[in-house]
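Take a look at the structure set out below.
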Amino acid sequence: MIVIDENMVLKLLDWDKTFQAMEVAMRRCTEKRIVQTARSKTQVLDKPNLLVSMPGYLEDSTFGALGCKLVTFFPTNSNLPKPLPTVMASILLFDETTGLPKAYVGGFEITKWRTAAASAVATQHIYAKRSKPLRVLAILGAGEQGRAHADCFKHCFNFQEIRVWNRTASKAKSLVDEYNKKYNTNIFKHCESNEKCVRGADVIVAVTNTSEPIVMADWVKAGAHINSVGLGKTHHSEVEEKLYFDADVYIDHWEGARAELSGLIKAGVQFKGEVGSVIANEVQTEDANRVTIFQSLGMAVEDCAMGRLIYDTYLKTHSN
Ligand SMILES: NC(=O)C1=CN([C@@H]2O[C@H](COP(=O)(O)OP(=O)(O)OC[C@H]3O[C@@H](n4cnc5c(N)ncnc54)[C@H](O)[C@@H]3O)[C@@H](O)[C@H]2O)C=CC1
Ligand SMILES: O=C([O-])C1=[NH+]CCC1
């Protein structure tokens with residue numbers, strides 16, 4: 001079995017290929033060329049800490065794989081004397097014919113990259129391809145996902161301003177300073193409040209652990225697009241609930257949505273469709289003034305696609 005650790009994974013990752021892998025995984029999902037069930041969660045007794053298993057099979061000549069991601073979600077890690085990431089992951093790939101374990105692939109960086117790229121794919125197909133404005137991006141949350149989304153959206157789009165807000169302001173300020181230097185630009189701006197960050201933004205990314213809404217309906221401009229990625233008590237806590245009734249809401253997969261967005265479903269929110277059906281041009285938002293929301297859950301087959309991409313790239317670059 002080949003072991004591809006986090007350091008190696010980071011060397012092999014590439015935004016364009018990650019974007020392509022997410023497009024394929026989402027499209028194959030809608031074409032039913034995948035197998036994946038809602039993920040199972042093992043809670044560490046009375047703590048909020050979870051071990052989540054995400055097995056999946058993706059049929060595709062380039063990105064297809066049989067694999068399983070094991071992901072830990074330990075919000076208490078941020079309070080440790082020496083903080084650790086709150087989301088960590090490992091991916092196992094198996095031979096599709098024999099079931100033999102093929103590779104262990106570190107899943108921490110992959111989870112960040114593929115989640116940010118899934119938001120970028122959703123933004124491209126639900127929003128940007130309708131020639132909608134891409135002037136101001138608002139990122140709420142400056143943790144691991146906030147950083148990955150800042151890199152990914154800088155790479156994939158051409159925003160004139162990328163605003164960043166975080167509950168603890170110093171974290172957002174550090175991101176802004178670091179990224180303006182890294183990209184030799186001044187487009188990254190720190191926002192004092194979530195309201196200032198959201199108002200007037202064309203595209204909004206919410207990547208926090210909040211269980212209370214941080215994107216209020218009245219602040220969101222007509223026709224804006226929101227990627228809501230974070231997981232608080234539920235997977236739909238970041239956006240004020242009433243906005244879901246006045247928006248076109250897209251999901252990554254129906255089965256996951258039925259299990260993890262049951263609160264929204266019970267409240268009567270209707271989903272417009274999977275992102276894969278938008279990629280296939282089967283569904284689209286027609287009204288330019290309607291807000292669109294991508295409610296990202298994360299899919300096992302995204303991790304399968306990434307595992308295969310990294311495995312193949314590793315074999316190509318380490319042939320001996
Ligand atoms: N949809 C998907 O595919 C995925 C979703 N996630 C979710 O994305 C979220 C962010 O993940 P990471 O960046 O890795 O975590 P992180 O721990 O690095 O960052 C979390 C951020 O949330 C903020 N935050 C926490 N509580 C808050 C509150 N009450 N109000 C406002 N902000 C608050 C923190 O300030 C921090 O910036 C998590 O909820 C995680 O479960 C992570 C991976 C994949
Ligand atoms: O898809 C994923 O890896 C996750 N979704 C929420 C936490 C981790």
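How things are named: the first chain in the structure tokens is A, the next is B, and so on; residues count from 1 in each chain; ligands count from 1 in the order shown.
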
Inset, instruction - Select the residues contacting ligand 1 at a distance of at most 6 Å, based on only C-alpha atoms and all ligand atoms, then format the selection as an NGL selection string. - result: :A and (85-87 or 111 or 115 or 141-146 or 166-168 or 207-210 or 229-232 or 296-298)

Inset, instruction - Please identify which residues in segment 70-185 of chain A DSSP calls alpha helix (DSSP H) from the backbone, and express them as a ChimeraX atom specification. - result: /A:108-122,144-156,169-182

Inset, instruction - Tell me, in Å to one decimal, how far atom CA of Ala38 of chain A is from atom CA of Glu255 of chain A. - result: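 Between these atoms lies a distance of 6.1 Å.
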
Inset, instruction - Excluding segment 308-319 of chain A and any residue of its chain fewer than 5 positions from it, enumerate the residues within 12 Å of it, using only C-alpha atoms, and give them as number ranges by chain. - result: A: 1-6, 8-22, 24-25, 57-68, 91-96, 102-107, 109-110, 114, 301-303

Return as JSON lines the residues of segment 141-220 of chain A lying at most 10 Å from segment 274-291 of chain A, together with the closest atom-to-atom pair for each and the distance in Å to one decimal, counting only C-alpha atoms, with rows in chain order and ascending residue number.
{"residue": "A:Asp202", "atom": "CA", "partner": "A:Val291", "partner_atom": "CA", "distance": 9.9}
{"residue": "A:Val203", "atom": "CA", "partner": "A:Val291", "partner_atom": "CA", "distance": 10.0}
{"residue": "A:Ala217", "atom": "CA", "partner": "A:Val291", "partner_atom": "CA", "distance": 9.9}
{"residue": "A:Val220", "atom": "CA", "partner": "A:Val291", "partner_atom": "CA", "distance": 8.1}

Output for the residues just chosen: all heavy atoms as a PDB file, in the first residue's frame:
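Generated file (again.pdb):
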ATOM      1  N   ASP A 202     -21.180  40.683  -3.915  1.00  0.00           N
ATOM      2  CA  ASP A 202     -21.772  39.911  -5.018  1.00  0.00           C
ATOM      3  C   ASP A 202     -21.831  38.438  -4.646  1.00  0.00           C
ATOM      4  O   ASP A 202     -22.797  37.747  -4.948  1.00  0.00           O
ATOM      5  CB  ASP A 202     -20.923  40.075  -6.285  1.00  0.00           C
ATOM      6  CG  ASP A 202     -20.834  41.522  -6.712  1.00  0.00           C
ATOM      7  OD1 ASP A 202     -21.897  42.124  -6.917  1.00  0.00           O
ATOM      8  OD2 ASP A 202     -19.712  42.046  -6.791  1.00  0.00           O
ATOM      9  N   VAL A 203     -20.747  37.952  -4.052  1.00  0.00           N
ATOM     10  CA  VAL A 203     -20.664  36.534  -3.661  1.00  0.00           C
ATOM     11  C   VAL A 203     -20.247  36.481  -2.192  1.00  0.00           C
ATOM     12  O   VAL A 203     -19.378  37.247  -1.755  1.00  0.00           O
ATOM     13  CB  VAL A 203     -19.635  35.777  -4.547  1.00  0.00           C
ATOM     14  CG1 VAL A 203     -19.461  34.340  -4.066  1.00  0.00           C
ATOM     15  CG2 VAL A 203     -20.073  35.788  -6.007  1.00  0.00           C
ATOM     16  N   ALA A 217     -30.882  38.164   6.201  1.00  0.00           N
ATOM     17  CA  ALA A 217     -31.553  38.308   4.905  1.00  0.00           C
ATOM     18  C   ALA A 217     -31.505  39.749   4.389  1.00  0.00           C
ATOM     19  O   ALA A 217     -31.223  39.978   3.209  1.00  0.00           O
ATOM     20  CB  ALA A 217     -32.994  37.822   5.027  1.00  0.00           C
ATOM     21  N   VAL A 220     -28.327  41.033   2.439  1.00  0.00           N
ATOM     22  CA  VAL A 220     -27.846  40.398   1.194  1.00  0.00           C
ATOM     23  C   VAL A 220     -28.443  41.122  -0.004  1.00  0.00           C
ATOM     24  O   VAL A 220     -29.665  41.296  -0.101  1.00  0.00           O
ATOM     25  CB  VAL A 220     -28.248  38.901   1.164  1.00  0.00           C
ATOM     26  CG1 VAL A 220     -27.831  38.244  -0.147  1.00  0.00           C
ATOM     27  CG2 VAL A 220     -27.629  38.168   2.361  1.00  0.00           C
TER      28      VAL A 220
END

Legend entry - Surrounding residues of segment 39-56 of chain A excluding itself and chain neighbours under 3 positions, 8 Å, only C-alpha atoms, as a list in words: Ile34, Val35, Gln36, Leu66, Gly67, Cys68, Lys69, Leu70, Val71, Thr72, Phe73, Phe74, Pro75, Thr76, Gly256, Met299, Ala300, Val301 and Cys304 of chain A

Generate a file of the selected residues that holds C-alpha atoms, formatted as a PDB file, in the first residue's frame.
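Result written to part-v7.pdb:
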ATOM      1  CA  ILE A  34     -21.767   7.216  -7.911  1.00  0.00           C
ATOM      2  CA  VAL A  35     -22.600   5.306  -4.754  1.00  0.00           C
ATOM      3  CA  GLN A  36     -22.597   7.157  -1.469  1.00  0.00           C
ATOM      4  CA  LEU A  66     -13.484   3.453  -4.472  1.00  0.00           C
ATOM      5  CA  GLY A  67     -12.570   5.031  -1.167  1.00  0.00           C
ATOM      6  CA  CYS A  68     -13.474   6.076   2.306  1.00  0.00           C
ATOM      7  CA  LYS A  69     -12.677   9.308   4.121  1.00  0.00           C
ATOM      8  CA  LEU A  70     -12.564   9.292   7.891  1.00  0.00           C
ATOM      9  CA  VAL A  71     -12.897  12.808   9.208  1.00  0.00           C
ATOM     10  CA  THR A  72     -12.737  14.076  12.762  1.00  0.00           C
ATOM     11  CA  PHE A  73     -14.605  17.222  13.740  1.00  0.00           C
ATOM     12  CA  PHE A  74     -13.273  18.338  17.138  1.00  0.00           C
ATOM     13  CA  PRO A  75     -14.375  21.954  17.779  1.00  0.00           C
ATOM     14  CA  THR A  76     -12.711  21.754  21.230  1.00  0.00           C
ATOM     15  CA  GLY A 256     -27.071  13.932   2.225  1.00  0.00           C
ATOM     16  CA  MET A 299     -19.487  14.457  -0.404  1.00  0.00           C
ATOM     17  CA  ALA A 300     -17.515  11.223  -0.124  1.00  0.00           C
ATOM     18  CA  VAL A 301     -17.179  11.101  -3.898  1.00  0.00           C
ATOM     19  CA  CYS A 304     -12.651   9.755  -3.922  1.00  0.00           C
TER      20      CYS A 304
END

Legend entry - Spatial neighbours of Leu134 of chain A, max dist 12 Å, only C-alpha atoms, sep filter under 4 positions, as a list in words: Thr123, Gln124, Tyr127, Ala128, Lys129, Arg130, Ala138, Phe153, Lys154, Cys156, Phe157, Asn158, Phe159, Gln160, Glu161, Ile162, Gly200, Ala201, Asp202, Val203, Ile204, Gly223, Ala224 and His225 of chain A

Legend entry - In segment 166-307 of chain A, DSSP strand (DSSP E) residues written as an NGL selection string: :A and (188-190 or 203-206 or 225-228 or 247-251 or 271-274 or 291-295)

Can those selected residues be exported to a file as a compact mmCIF listing (two decimals), in the first residue's frame so that it contains N, CA and C atoms?
# COMPACT_ATOMS: atom_id res chain seq x y z
N PHE A 188 -7.44 42.38 -0.55
CA PHE A 188 -7.97 41.75 0.68
C PHE A 188 -8.19 42.85 1.71
N LYS A 189 -9.43 42.93 2.24
CA LYS A 189 -9.77 44.00 3.21
C LYS A 189 -10.41 43.37 4.43
N HIS A 190 -10.01 43.86 5.58
CA HIS A 190 -10.63 43.37 6.82
C HIS A 190 -11.93 44.13 7.08
N VAL A 203 -20.75 37.95 -4.05
CA VAL A 203 -20.66 36.53 -3.66
C VAL A 203 -20.25 36.48 -2.19
N ILE A 204 -20.90 35.61 -1.44
CA ILE A 204 -20.63 35.48 -0.01
C ILE A 204 -20.24 34.04 0.29
N VAL A 205 -19.19 33.87 1.09
CA VAL A 205 -18.77 32.54 1.52
C VAL A 205 -18.85 32.52 3.05
N ALA A 206 -19.62 31.60 3.62
CA ALA A 206 -19.70 31.49 5.09
C ALA A 206 -19.05 30.17 5.49
N HIS A 225 -24.94 35.65 -4.64
CA HIS A 225 -24.80 34.19 -4.47
C HIS A 225 -24.10 33.92 -3.14
N ILE A 226 -24.62 32.94 -2.40
CA ILE A 226 -24.04 32.57 -1.09
C ILE A 226 -23.58 31.12 -1.14
N ASN A 227 -22.36 30.86 -0.68
CA ASN A 227 -21.91 29.49 -0.42
C ASN A 227 -21.89 29.33 1.10
N SER A 228 -22.77 28.50 1.63
CA SER A 228 -22.79 28.28 3.08
C SER A 228 -22.20 26.90 3.36
N ALA A 247 -34.97 32.40 -1.79
CA ALA A 247 -33.77 32.17 -2.62
C ALA A 247 -33.92 30.85 -3.36
N ASP A 248 -33.11 30.68 -4.40
CA ASP A 248 -32.98 29.35 -5.02
C ASP A 248 -31.87 28.62 -4.29
N VAL A 249 -32.22 27.50 -3.66
CA VAL A 249 -31.25 26.79 -2.82
C VAL A 249 -30.77 25.53 -3.54
N TYR A 250 -29.47 25.45 -3.71
CA TYR A 250 -28.86 24.29 -4.37
C TYR A 250 -28.08 23.47 -3.34
N ILE A 251 -28.01 22.17 -3.60
CA ILE A 251 -27.33 21.26 -2.68
C ILE A 251 -26.29 20.46 -3.47
N PHE A 271 -35.64 22.62 -2.34
CA PHE A 271 -34.35 22.78 -3.01
C PHE A 271 -34.55 22.81 -4.51
N LYS A 272 -33.81 23.69 -5.15
CA LYS A 272 -33.93 23.84 -6.61
C LYS A 272 -33.28 22.64 -7.32
N GLY A 273 -32.18 22.13 -6.76
CA GLY A 273 -31.54 20.96 -7.38
C GLY A 273 -30.10 20.81 -6.93
N GLU A 274 -29.48 19.76 -7.46
CA GLU A 274 -28.06 19.54 -7.17
C GLU A 274 -27.21 20.44 -8.06
N VAL A 291 -31.69 35.72 -5.12
CA VAL A 291 -30.50 35.25 -4.40
C VAL A 291 -30.38 33.74 -4.62
N THR A 292 -29.15 33.27 -4.78
CA THR A 292 -28.91 31.82 -4.87
C THR A 292 -28.03 31.40 -3.69
N ILE A 293 -28.30 30.19 -3.20
CA ILE A 293 -27.53 29.65 -2.07
C ILE A 293 -27.04 28.26 -2.44
N PHE A 294 -25.74 28.03 -2.29
CA PHE A 294 -25.23 26.66 -2.35
C PHE A 294 -25.02 26.21 -0.91
N GLN A 295 -25.83 25.24 -0.47
CA GLN A 295 -25.70 24.69 0.89
C GLN A 295 -24.77 23.50 0.79

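Distances to Asn194 of chain A were evaluated for A:Ala169, A:Leu243, A:Ala118, A:Leu175 using only C-alpha atoms, and the minimum falls at A:Ala169.
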
Inset, instruction - Counting only C-alpha atoms and all ligand atoms, figure out which residue out of A:Met216, A:Val198, A:Ile265, A:Met306 gets nearest to ligand 2. - result: A:Met306

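Atom CA of Asp252 of chain A to atom CA of Arg33 of chain A spans 14.3 Å [interatomic distance, one decimal].
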
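With distances taken over only C-alpha atoms and all ligand atoms, A:Thr234 is the one residue among A:Gln270, A:Lys221, A:Glu212, A:Thr234 lying closest to ligand 2.
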
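Note that atom CA of Ile126 of chain A and atom CA of Gly307 of chain A are 25.9 Å apart.
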
Inset, instruction - Could you tell me which of A:Phe108, A:Tyr183, A:Trp219, A:Tyr244 comes closest to Asp151 of chain A if we count only C-alpha atoms? - result: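 Going through A:Phe108, A:Tyr183, A:Trp219, A:Tyr244 one by one, the smallest distance to Asp151 of chain A is for A:Tyr183.
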
Inset, instruction - Point out the residue among A:Lys82, A:Lys181, A:Arg147, A:His253 with the least atom-to-atom distance to ligand 2, counting only C-alpha atoms and all ligand atoms. - result: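 Among the listed residues, the smallest separation from ligand 2 belongs to A:His253.
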
Inset, instruction - Would you mind telling me which residue in A:Ile139, A:Ala257, A:Val164, A:Ala89 lies nearest to ligand 2 when using only C-alpha atoms and all ligand atoms? - result: A:Ala89

Inset, instruction - Mind checking which residues fall within 8 Å of Cys191 of chain A, counting only C-alpha atoms, ignoring those fewer than 6 positions away in the same chain, and posting them as a VMD selection string? - result: chain A and resid 163 to 165 197
